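K.L.:
So here's query.txt, just compact mmCIF, C-alpha atoms and all ligand atoms:
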```
# COMPACT_ATOMS: atom_id res chain seq x y z
CA MET D 4 11.68 30.93 11.88
CA GLU D 5 13.69 30.24 8.76
CA LYS D 6 12.81 27.43 6.38
CA ILE D 7 15.05 24.41 6.70
CA GLN D 8 15.11 21.02 5.02
CA LEU D 9 14.94 17.87 7.08
CA ILE D 10 15.53 14.27 6.06
CA ALA D 11 13.80 11.44 7.89
CA THR D 12 15.83 8.34 7.10
CA ALA D 13 13.99 5.07 6.58
CA THR D 14 14.81 1.40 6.28
CA PHE D 15 14.26 -0.09 2.82
CA GLY D 16 10.54 -0.56 2.20
CA LEU D 17 9.37 1.84 4.90
CA GLU D 18 9.81 5.14 3.00
CA GLU D 19 6.10 5.49 2.15
CA MET D 20 5.19 4.83 5.78
CA VAL D 21 7.60 7.54 6.95
CA LYS D 22 6.14 9.89 4.34
CA LEU D 23 2.63 9.32 5.71
CA GLU D 24 3.85 10.05 9.21
CA VAL D 25 5.62 13.25 8.11
CA LYS D 26 2.44 14.35 6.34
CA LYS D 27 0.37 13.63 9.43
CA LEU D 28 2.66 15.94 11.41
CA GLY D 29 1.60 18.69 9.01
CA TYR D 30 4.63 19.00 6.74
CA GLU D 31 4.37 19.33 2.99
CA GLU D 32 6.61 19.35 -0.06
CA ILE D 33 7.78 15.87 0.79
CA THR D 34 10.20 14.04 -1.51
CA VAL D 35 10.66 10.29 -1.23
CA GLU D 36 13.88 8.59 -2.35
CA ASN D 37 15.52 5.31 -1.44
CA GLY D 38 16.05 5.33 2.30
CA ARG D 39 15.06 8.93 2.87
CA VAL D 40 12.11 11.26 3.06
CA THR D 41 12.98 14.96 2.65
CA PHE D 42 10.64 17.72 3.73
CA ASN D 43 10.55 21.48 4.21
CA ALA D 44 10.12 22.59 7.79
CA ASP D 45 11.33 25.00 10.46
CA GLU D 46 13.33 24.48 13.67
CA GLY D 47 10.16 23.51 15.53
CA ALA D 48 10.00 20.39 13.38
CA ILE D 49 13.19 19.04 14.94
CA PRO D 50 11.60 18.32 18.34
CA LYS D 51 8.28 17.35 16.76
CA ALA D 52 9.70 14.88 14.22
CA ASN D 53 12.08 13.31 16.74
CA LEU D 54 9.37 12.88 19.35
CA TRP D 55 6.65 11.60 17.02
CA LEU D 56 8.05 9.64 14.07
CA ARG D 57 7.48 5.96 14.80
CA THR D 58 8.90 4.39 11.65
CA ALA D 59 11.88 6.65 10.77
CA ASP D 60 15.44 5.81 11.83
CA ARG D 61 16.76 9.35 12.28
CA VAL D 62 16.01 13.00 11.54
CA LEU D 63 18.80 14.93 9.79
CA VAL D 64 19.22 18.57 8.84
CA LYS D 65 20.06 18.71 5.13
CA MET D 66 22.89 21.25 4.86
CA GLY D 67 23.48 20.91 1.13
CA GLU D 68 23.58 18.71 -1.92
CA PHE D 69 25.97 19.14 -4.84
CA GLU D 70 28.06 17.27 -7.37
CA ALA D 71 31.74 16.72 -6.63
CA ARG D 72 34.30 14.69 -8.53
CA THR D 73 37.48 16.17 -7.06
CA PHE D 74 38.60 16.89 -3.49
CA ASP D 75 38.91 20.59 -4.39
CA GLU D 76 35.29 20.68 -5.45
CA LEU D 77 34.24 18.86 -2.27
CA PHE D 78 36.25 21.31 -0.15
CA GLU D 79 35.01 24.51 -1.80
CA LYS D 80 31.36 23.50 -1.99
CA THR D 81 31.36 22.32 1.64
CA LYS D 82 33.03 25.56 2.78
CA ALA D 83 30.38 27.59 0.96
CA LEU D 84 27.60 26.26 3.23
CA PRO D 85 26.44 28.27 6.28
CA TRP D 86 27.75 25.93 9.00
CA GLU D 87 27.94 28.79 11.52
CA GLN D 88 24.15 28.99 11.46
CA TRP D 89 24.13 25.66 13.29
CA ILE D 90 27.51 25.05 14.92
CA PRO D 91 28.53 27.42 17.74
CA GLU D 92 32.16 28.25 18.49
CA ASN D 93 32.47 25.47 21.08
CA GLY D 94 30.48 22.90 19.04
CA LYS D 95 31.82 19.38 18.55
CA PHE D 96 31.42 18.19 14.96
CA PRO D 97 32.61 14.67 14.20
CA VAL D 98 32.29 13.69 10.52
CA THR D 99 31.32 10.24 9.29
CA GLY D 100 30.86 9.23 5.68
CA LYS D 101 29.86 6.78 3.00
CA SER D 102 30.49 6.59 -0.72
CA VAL D 103 28.61 4.55 -3.30
CA LYS D 104 29.41 4.46 -7.03
CA SER D 105 31.36 7.74 -6.85
CA THR D 106 34.68 9.06 -8.17
CA LEU D 107 35.61 10.12 -4.62
CA PHE D 108 35.54 6.63 -3.14
CA SER D 109 37.92 7.05 -0.22
CA VAL D 110 35.54 7.68 2.66
CA SER D 111 38.28 8.63 5.13
CA ASP D 112 39.65 11.26 2.73
CA CYS D 113 36.16 12.69 2.12
CA GLN D 114 35.58 12.92 5.87
CA ALA D 115 38.92 14.71 6.40
CA ILE D 116 38.23 17.19 3.56
CA VAL D 117 34.75 17.98 4.88
CA LYS D 118 36.09 18.46 8.40
CA LYS D 119 38.80 20.80 7.11
CA ALA D 120 36.32 22.80 5.01
CA ILE D 121 33.97 23.30 7.98
CA VAL D 122 36.88 24.31 10.22
CA GLU D 123 37.96 26.88 7.62
CA ARG D 124 34.42 28.25 7.35
CA LEU D 125 34.02 28.53 11.12
CA LYS D 126 37.49 30.08 11.57
CA GLN D 127 36.50 32.93 9.26
CA ASN D 128 33.19 33.41 11.07
CA TYR D 129 34.37 33.20 14.65
CA GLU D 130 37.79 34.78 13.97
CA VAL D 131 39.64 32.13 15.96
CA GLU D 132 42.39 29.71 14.97
CA TRP D 133 41.43 26.74 17.13
CA PHE D 134 38.24 25.07 18.30
CA SER D 135 37.93 23.36 21.69
CA GLU D 136 34.97 21.20 20.55
CA GLU D 137 33.82 20.87 24.16
CA GLY D 138 30.23 21.99 23.60
CA PRO D 139 27.11 20.38 22.10
CA GLU D 140 27.55 17.72 19.45
CA PHE D 141 26.71 18.07 15.75
CA PRO D 142 27.22 14.67 14.08
CA ILE D 143 27.91 15.40 10.42
CA GLU D 144 27.64 12.93 7.58
CA VAL D 145 29.08 13.23 4.10
CA ALA D 146 27.22 10.80 1.84
CA LEU D 147 28.23 10.34 -1.79
CA LEU D 148 26.00 8.57 -4.27
CA LYS D 149 26.93 8.63 -7.97
CA ASP D 150 29.07 11.76 -7.42
CA VAL D 151 26.28 13.64 -5.64
CA VAL D 152 27.29 14.74 -2.16
CA THR D 153 24.69 15.17 0.59
CA LEU D 154 25.85 16.87 3.76
CA THR D 155 23.72 16.44 6.86
CA ILE D 156 23.73 17.02 10.61
CA ASP D 157 22.05 14.35 12.71
CA THR D 158 19.45 15.75 15.12
CA SER D 159 18.52 12.42 16.74
CA GLY D 160 21.80 11.02 18.06
CA VAL D 161 20.93 7.50 19.13
CA GLY D 162 18.64 5.94 16.47
CA LEU D 163 14.92 6.61 16.87
CA HIS D 164 14.17 2.90 17.38
CA LYS D 165 15.63 3.32 20.87
CA ARG D 166 12.51 4.51 22.62
CA GLY D 167 13.90 3.91 26.07
CA TYR D 168 11.51 1.17 27.21
CA ARG D 169 13.36 -1.90 26.00
CA GLU D 170 16.44 -2.30 28.13
CA LYS D 171 16.17 -6.06 27.87
CA ALA D 172 15.25 -8.09 24.82
CA ASN D 173 14.83 -11.77 24.07
CA GLU D 174 16.16 -13.63 21.09
CA ALA D 175 15.66 -12.01 17.67
CA PRO D 176 13.79 -8.91 18.79
CA LEU D 177 12.21 -6.70 16.15
CA LYS D 178 13.40 -3.15 15.80
CA GLU D 179 10.77 -0.92 17.40
CA THR D 180 10.50 1.10 14.16
CA LEU D 181 9.66 -2.04 12.18
CA ALA D 182 7.16 -3.27 14.77
CA ALA D 183 5.43 0.14 14.67
CA ALA D 184 5.38 -0.02 10.86
CA MET D 185 3.78 -3.48 10.97
CA VAL D 186 0.99 -2.13 13.16
CA LEU D 187 0.50 1.03 11.06
CA ILE D 188 0.49 -0.94 7.78
CA SER D 189 -2.18 -3.27 9.22
CA ARG D 190 -4.43 -0.25 9.98
CA TRP D 191 -5.26 -1.77 13.35
CA ARG D 192 -7.42 0.56 15.42
CA GLU D 193 -7.61 0.72 19.19
CA ASP D 194 -11.22 -0.48 19.24
CA ARG D 195 -10.20 -3.87 17.82
CA VAL D 196 -8.67 -6.73 19.75
CA LEU D 197 -5.05 -7.48 18.88
CA ILE D 198 -3.15 -10.72 19.52
CA ASP D 199 0.58 -11.39 19.14
CA PRO D 200 1.02 -15.13 19.86
CA PHE D 201 4.85 -14.97 19.40
CA CYS D 202 5.46 -11.78 21.36
CA GLY D 203 9.08 -12.32 22.53
CA SER D 204 10.10 -9.02 24.18
CA GLY D 205 6.63 -7.64 23.44
CA THR D 206 7.69 -5.11 20.79
CA ILE D 207 4.62 -5.38 18.51
CA ALA D 208 2.16 -5.28 21.42
CA ILE D 209 3.93 -2.33 23.07
CA GLU D 210 4.22 -0.32 19.84
CA ALA D 211 0.52 -0.99 19.12
CA ALA D 212 -0.47 0.13 22.61
CA MET D 213 1.59 3.31 22.20
CA ILE D 214 -0.15 3.98 18.89
CA GLY D 215 -3.55 3.28 20.48
CA LYS D 216 -2.87 5.61 23.42
CA ASN D 217 -1.24 8.18 21.14
CA ILE D 218 1.99 8.14 23.17
CA ALA D 219 4.82 9.88 21.29
CA PRO D 220 7.52 7.21 20.91
CA GLY D 221 10.35 9.59 21.84
CA LEU D 222 8.79 10.99 24.99
CA GLU D 223 11.01 9.03 27.39
CA ARG D 224 14.38 9.70 25.73
CA SER D 225 16.74 12.51 24.85
CA PHE D 226 18.11 13.70 21.50
CA VAL D 227 21.49 15.09 20.50
CA SER D 228 19.93 18.34 19.22
CA GLU D 229 18.48 19.18 22.63
CA GLY D 230 21.57 21.24 23.41
CA TRP D 231 21.71 23.15 20.12
CA PRO D 232 21.43 26.97 20.27
CA ARG D 233 19.49 27.01 16.98
CA VAL D 234 16.70 24.89 18.51
CA PRO D 235 15.67 26.85 21.63
CA GLU D 236 14.86 24.89 24.78
CA ALA D 237 11.36 26.39 24.69
CA LEU D 238 10.61 24.54 21.44
CA TRP D 239 11.52 21.22 23.04
CA LYS D 240 9.49 22.02 26.13
CA GLU D 241 6.47 23.00 24.08
CA ALA D 242 6.66 19.84 21.98
CA ARG D 243 7.01 17.62 25.07
CA VAL D 244 4.09 19.30 26.87
CA GLU D 245 1.94 18.93 23.75
CA ALA D 246 2.91 15.26 23.49
CA LEU D 247 2.00 14.68 27.14
CA LYS D 248 -1.37 16.34 26.62
CA ALA D 249 -2.00 14.24 23.53
CA ILE D 250 -1.91 10.93 25.44
CA ARG D 251 -5.33 9.27 25.48
CA GLN D 252 -6.22 8.03 28.94
CA ASP D 253 -9.77 6.92 28.26
CA THR D 254 -9.11 4.03 25.90
CA ASP D 255 -10.28 0.47 26.27
CA ILE D 256 -7.41 -1.14 24.40
CA GLN D 257 -7.31 -4.93 24.48
CA ILE D 258 -4.03 -6.44 23.41
CA TYR D 259 -3.06 -10.04 24.17
CA ALA D 260 0.60 -10.98 23.95
CA SER D 261 1.83 -14.50 24.56
CA ASP D 262 4.89 -16.65 24.02
CA ALA D 263 5.89 -20.22 24.83
CA ASP D 264 8.98 -18.96 26.66
CA PRO D 265 8.37 -17.79 30.27
CA LYS D 266 11.58 -15.71 30.23
CA ALA D 267 10.32 -13.82 27.18
CA ILE D 268 7.06 -12.98 28.92
CA LYS D 269 8.86 -11.71 32.01
CA THR D 270 10.94 -9.35 29.85
CA ALA D 271 7.90 -8.29 27.80
CA GLU D 272 5.99 -7.44 30.99
CA GLU D 273 8.88 -5.32 32.25
CA ASN D 274 9.14 -3.53 28.90
CA ALA D 275 5.39 -2.80 28.81
CA TYR D 276 5.63 -1.34 32.31
CA GLN D 277 8.57 0.86 31.27
CA ALA D 278 6.57 2.05 28.26
CA ASN D 279 3.53 2.90 30.42
CA VAL D 280 1.26 0.56 28.47
CA ASP D 281 1.03 -2.39 30.89
CA ASP D 282 -2.61 -1.40 31.52
CA CYS D 283 -3.66 -2.40 28.00
CA ILE D 284 -1.70 -5.61 27.41
CA THR D 285 -2.51 -9.01 28.91
CA PHE D 286 0.46 -11.35 28.87
CA ALA D 287 0.45 -15.16 29.01
CA VAL D 288 2.93 -18.00 28.74
CA GLN D 289 1.40 -20.39 26.24
CA ASP D 290 1.81 -22.20 22.97
CA MET D 291 0.43 -20.25 20.03
CA ALA D 292 -2.22 -22.95 19.48
CA ARG D 293 -3.88 -21.89 22.74
CA ILE D 294 -4.89 -18.37 21.66
CA ARG D 295 -8.61 -17.75 22.11
CA SER D 296 -11.02 -14.85 21.71
CA ASP D 297 -14.77 -14.46 21.67
CA LYS D 298 -14.35 -11.12 19.89
CA LYS D 299 -14.85 -10.65 16.17
CA TYR D 300 -12.95 -8.61 13.60
CA GLY D 301 -9.72 -8.59 15.58
CA TYR D 302 -6.11 -8.60 14.41
CA ILE D 303 -3.29 -11.11 14.75
CA ILE D 304 0.06 -9.42 14.08
CA CYS D 305 3.15 -11.53 14.61
CA ASN D 306 6.79 -12.31 14.02
CA PRO D 307 7.19 -16.09 14.38
CA PRO D 308 10.60 -17.81 14.26
CA TYR D 309 12.06 -17.94 10.72
CA GLY D 310 14.06 -21.16 11.02
CA GLU D 311 17.23 -19.43 9.77
CA ARG D 312 19.47 -21.67 11.82
CA LEU D 313 20.48 -25.12 10.72
CA GLY D 314 18.23 -27.84 12.11
CA GLU D 315 15.29 -25.53 12.80
CA GLN D 316 13.79 -25.66 9.32
CA LYS D 317 11.52 -28.66 9.79
CA GLU D 318 10.26 -27.44 13.15
CA VAL D 319 9.39 -24.03 11.73
CA GLU D 320 7.64 -25.51 8.70
CA ASP D 321 5.44 -27.60 10.99
CA LEU D 322 4.76 -24.50 13.06
CA TYR D 323 3.61 -22.56 9.96
CA LYS D 324 1.23 -25.39 9.04
CA ARG D 325 -0.17 -25.34 12.56
CA MET D 326 -0.52 -21.54 12.40
CA GLY D 327 -2.64 -21.96 9.28
CA GLN D 328 -4.99 -24.31 11.14
CA VAL D 329 -5.16 -22.31 14.38
CA PHE D 330 -5.61 -18.88 12.76
CA SER D 331 -8.26 -20.14 10.33
CA LYS D 332 -10.63 -20.41 13.29
CA PHE D 333 -10.45 -16.61 13.60
CA ASP D 334 -12.50 -16.31 10.46
CA THR D 335 -13.48 -12.64 10.80
CA TRP D 336 -9.99 -11.55 11.82
CA SER D 337 -7.15 -9.98 9.82
CA VAL D 338 -3.80 -11.73 10.06
CA TYR D 339 -0.35 -10.18 9.52
CA VAL D 340 2.83 -12.26 9.58
CA ILE D 341 6.43 -11.24 8.95
CA THR D 342 8.93 -13.94 7.99
CA SER D 343 11.91 -14.60 5.72
CA HIS D 344 10.69 -18.11 4.87
CA GLU D 345 9.88 -18.08 1.16
CA GLU D 346 7.42 -20.97 1.41
CA PHE D 347 5.35 -19.39 4.15
CA GLU D 348 2.19 -18.92 2.08
CA ARG D 349 2.17 -22.54 0.91
CA LEU D 350 2.82 -23.93 4.39
CA TYR D 351 0.24 -21.64 6.00
CA GLY D 352 -2.23 -22.81 3.39
CA LYS D 353 -3.84 -19.55 2.33
CA LYS D 354 -3.19 -16.94 -0.35
CA THR D 355 -2.27 -13.49 0.92
CA SER D 356 -4.35 -10.41 0.18
CA LYS D 357 -1.08 -8.47 -0.10
CA LYS D 358 2.64 -8.96 0.45
CA ARG D 359 5.25 -6.31 1.15
CA LYS D 360 9.03 -6.66 0.95
CA LEU D 361 10.85 -5.34 4.01
CA PHE D 362 14.09 -5.84 5.91
CA ASN D 363 14.33 -7.10 9.47
CA GLY D 364 17.87 -5.91 10.18
CA ARG D 365 19.87 -7.53 7.40
CA ILE D 366 17.32 -10.26 6.77
CA LYS D 367 15.10 -9.91 3.73
CA VAL D 368 11.53 -10.59 4.82
CA ASP D 369 8.00 -10.46 3.49
CA TYR D 370 5.08 -9.00 5.38
CA TYR D 371 2.14 -11.31 4.60
CA GLN D 372 -1.24 -9.63 4.95
CA PHE D 373 -4.50 -11.59 5.08
CA PHE D 374 -7.37 -9.10 5.24
CA GLY D 375 -10.45 -10.13 7.18
CA PRO D 376 -14.00 -9.22 6.11
CA LYS D 377 -15.27 -5.69 6.75
CA PRO D 378 -17.34 -5.52 9.96
CA PRO D 379 -20.92 -4.23 9.84
CA LYS D 380 -21.08 -0.45 10.38
CA GLU D 381 -23.02 -0.68 13.65
CA LEU D 382 -20.04 -2.42 15.30
CA PHE D 383 -17.24 0.08 14.72
CA GLY D 384 -18.85 2.97 12.78
CA ASN D 385 -17.58 4.06 9.41
CA LEU D 386 -14.16 2.66 8.58
C1 LIG Y 1 11.24 -14.00 16.39
S1 LIG Y 1 10.82 -14.18 18.04
C2 LIG Y 1 9.69 -12.85 18.33
C3 LIG Y 1 10.40 -11.59 18.69
C4 LIG Y 1 9.49 -10.45 19.07
N1 LIG Y 1 8.72 -9.96 17.95
C5 LIG Y 1 10.30 -9.33 19.71
O1 LIG Y 1 10.31 -8.20 19.19
O2 LIG Y 1 10.98 -9.59 20.71
C6 LIG Y 1 9.77 -15.59 18.01
C7 LIG Y 1 9.19 -15.97 19.36
O3 LIG Y 1 8.30 -17.06 19.15
C8 LIG Y 1 8.33 -17.89 20.33
N2 LIG Y 1 7.79 -19.22 19.95
C9 LIG Y 1 8.36 -20.18 19.17
N3 LIG Y 1 7.51 -21.21 18.99
C10 LIG Y 1 6.36 -20.90 19.68
C11 LIG Y 1 5.10 -21.55 19.85
N4 LIG Y 1 4.86 -22.73 19.31
N5 LIG Y 1 4.15 -20.91 20.58
C12 LIG Y 1 4.39 -19.70 21.14
N6 LIG Y 1 5.58 -19.06 21.02
C13 LIG Y 1 6.55 -19.63 20.28
C14 LIG Y 1 9.79 -17.84 20.77
O4 LIG Y 1 9.88 -18.13 22.16
C15 LIG Y 1 10.19 -16.41 20.39
O5 LIG Y 1 10.09 -15.57 21.52
```
Starting from the file, give its structure as structure tokens.
Ligand SMILES: C[S@@+](CC[C@H](N)C(=O)[O-])C[C@H]1O[C@@H](n2cnc3c(N)ncnc32)[C@H](O)[C@@H]1O

P.N.:
Amino acid sequence: MEKIQLIATATFGLEEMVKLEVKKLGYEEITVENGRVTFNADEGAIPKANLWLRTADRVLVKMGEFEARTFDELFEKTKALPWEQWIPENGKFPVTGKSVKSTLFSVSDCQAIVKKAIVERLKQNYEVEWFSEEGPEFPIEVALLKDVVTLTIDTSGVGLHKRGYREKANEAPLKETLAAAMVLISRWREDRVLIDPFCGSGTIAIEAAMIGKNIAPGLERSFVSEGWPRVPEALWKEARVEALKAIRQDTDIQIYASDADPKAIKTAEENAYQANVDDCITFAVQDMARIRSDKKYGYIICNPPYGERLGEQKEVEDLYKRMGQVFSKFDTWSVYVITSHEEFERLYGKKTSKKRKLFNGRIKVDYYQFFGPKPPKELFGNL
């Protein structure tokens, strides 16, 4: 198989996490930039990366990168790329675009030029004058940043956060990719108890259970590149069979997810069932102050309300104070909280071990990390 370059796109703050995941899949020569992680691979990486990456938004084929300050330059350099190696004669290739701090700022013109250049290239290769575009889809993006053009084809289609298990969500659900990142950043392991006392639709608990059982997050969905001639069906089949075999059945995962809202718990239970992890999560309708555990060295990972709406501020501040009191009883546990409230640490009443800036959708948030003490070796082995 020929070498290709793939880009795993990442939300601000999650690039290093995506890099770790790419590395774990066995790929090297990884470059990290704002919002994207580029790596050298082969076609087999397209199924593998799409099925397995938990924290990336999409996987793109990098077709080329060059400078362009005029439309002529954009046209000629786009036309020089080997589009026929990916797009068959009946392929559909819509072009989207974005332009930041670049001479060519009109996105619609850039899109039209790129489309025209690809059509010209394919016309020469297939010796036809017209394309039906009735076949598989190849979503192309032209992205300009400071006059550097990156041309990509999206292999994912629908964003990777759509795992397929969350048809319904409650208010302010976390993106699955962010919830997975929260669990991975915490270094929670499946032999430790995990509690989410503000579980809403259950996203954190479900993503943790999938990590614990080693379920590939993309196993239950399809991807736009599944119909591409360049990525043979056999590669997809092989990757799916391997992912099925990789699921751990013999785990004793104990995750407790609760919420004060009964409707939220009903949805969360349905989602956990859809994700095939209902066997490791115990759900309850209860106020967060009622969480209990006789286990030591567990994890609390949560996404409480932020009080963004008018009138909710006072209520949320009282809640954060109460969280400080309730969670302090879990004195051997590690606690991880994501919120946009800038006074969280003061209200919670404890200094963080570490804080990480992230984005929850468009909301700037901090991920507050309070590390618990290390357990004795005889409990969990070497950590
Ligand atoms: C931001 S949402 C959590 C969203 C969740 N992470 C998801 O992905 O769907 C906050 C949740 O906290 C719950 N909540 C608010 N106050 C609570 C309290 N005192 N005890 C328990 N749950 C509470 C709300 O019902 C809401 O579902």

K.L.:
With only C-alpha atoms as the atoms that count, which of D:Val21, D:Val227, D:Val110, D:Val338 lies nearest to Ile156 of chain D?

P.N.:
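Smallest separation from Ile156 of chain D among the options: D:Val227.
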
K.L.:
Between atom CA of Thr180 of chain D and atom CA of Gly205 of chain D, what distance in Å does the model show, to one decimal?

P.N.:
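Separation of atom CA of Thr180 of chain D and atom CA of Gly205 of chain D: 13.3 Å.
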
K.L.:
Taking all atoms listed in the file into account, name the residue in D:Lys357, D:Lys377, D:Arg39, D:Lys149 that is nearest to Glu18 of chain D.

P.N.:
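Closest residue, counting all atoms listed in the file: D:Arg39.
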
K.L.:
Find the residues around segment 80-84 of chain D up to 9 Å (all atoms listed in the file counted), leave out those fewer than 3 positions away in its own chain, and share them as a list in words.

P.N.:
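Final neighbour list, sorted by chain and number: Met66, Gly67, Phe69, Glu70, Ala71, Asp75, Glu76, Leu77, Glu87, Ile116, Val117, Lys119, Ala120, Ile121, Val122, Glu123, Arg124, Leu125 and Leu154 of chain D.
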
K.L.:
Please give me, as a ChimeraX atom specification, the residues lying within 9 Å of ligand LIG 1 (chain Y) when counting all atoms listed in the file.

P.N.:
/D:172-179,182,199-208,261-268,271,288-293,305-309,318-319,322,325-326,342

K.L.:
Would you mind telling me which residue in D:Glu92, D:Glu31, D:Glu144, D:Asp281 lies nearest to Lys216 of chain D when using only C-alpha atoms?

P.N.:
D:Asp281

K.L.:
So which one's closest to Gly221 of chain D, D:Glu36, D:Glu5, D:Glu345, D:Asp60? Using all atoms listed in the file, please.

P.N.:
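Looking only at the distances to Gly221 of chain D, the closest residue turns out to be D:Asp60.
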
K.L.:
Which residue, D:Val35, D:Arg166, D:Gln127, D:Asn274, has the smallest gap to Pro85 of chain D when you use only C-alpha atoms?

P.N.:
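Counting only C-alpha atoms, the residue closest to Pro85 of chain D is D:Gln127.
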
K.L.:
Using only C-alpha atoms, find the one residue out of D:Tyr168, D:Val280, D:Gly364, D:Phe134 that sits nearest to Asn217 of chain D.

P.N.:
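Among the listed residues, D:Val280 lies closest to Asn217 of chain D.
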
K.L.:
Residues within 12 Å of His344 of chain D, please, as a list of chain:residue names. Count all atoms listed in the file; anything in the same chain fewer than 5 positions from it doesn't count.

P.N.:
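Within the cut-off, the hits are D:Asn306, D:Pro307, D:Pro308, D:Tyr309, D:Gly310, D:Glu311, D:Arg312, D:Glu315, D:Gln316, D:Lys317, D:Val319, D:Glu320, D:Leu322, D:Tyr323, D:Arg349, D:Leu350, D:Tyr351, D:Ile366, D:Lys367, D:Val368, D:Asp369, D:Tyr370, D:Tyr371.
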
K.L.:
Write out as a CSV table (one decimal) with C-alpha atoms, in the coordinates of the input each polymer residue whose atoms come within 12 Å of Lys27 of chain D, counting all atoms listed in the file; drop sequence neighbours fewer than 2 positions from it.

P.N.:
```csv
chain,number,residue,atom,x,y,z
D,20,MET,CA,5.2,4.8,5.8
D,21,VAL,CA,7.6,7.5,7.0
D,22,LYS,CA,6.1,9.9,4.3
D,23,LEU,CA,2.6,9.3,5.7
D,24,GLU,CA,3.8,10.0,9.2
D,25,VAL,CA,5.6,13.2,8.1
D,29,GLY,CA,1.6,18.7,9.0
D,30,TYR,CA,4.6,19.0,6.7
D,31,GLU,CA,4.4,19.3,3.0
D,33,ILE,CA,7.8,15.9,0.8
D,51,LYS,CA,8.3,17.4,16.8
D,52,ALA,CA,9.7,14.9,14.2
D,55,TRP,CA,6.6,11.6,17.0
D,56,LEU,CA,8.0,9.6,14.1
D,57,ARG,CA,7.5,6.0,14.8
```

K.L.:
Between atom CA of Arg295 of chain D and atom CA of Phe383 of chain D, what distance in Å does the model show, to one decimal?

P.N.:
21.1 Å

K.L.:
At most 12 Å from (12.5, 21.0, 7.0), file frame, all atoms listed in the file: which residues, as a ChimeraX atom specification?

P.N.:
/D:4-11,25,28-34,40-52,62-66,158
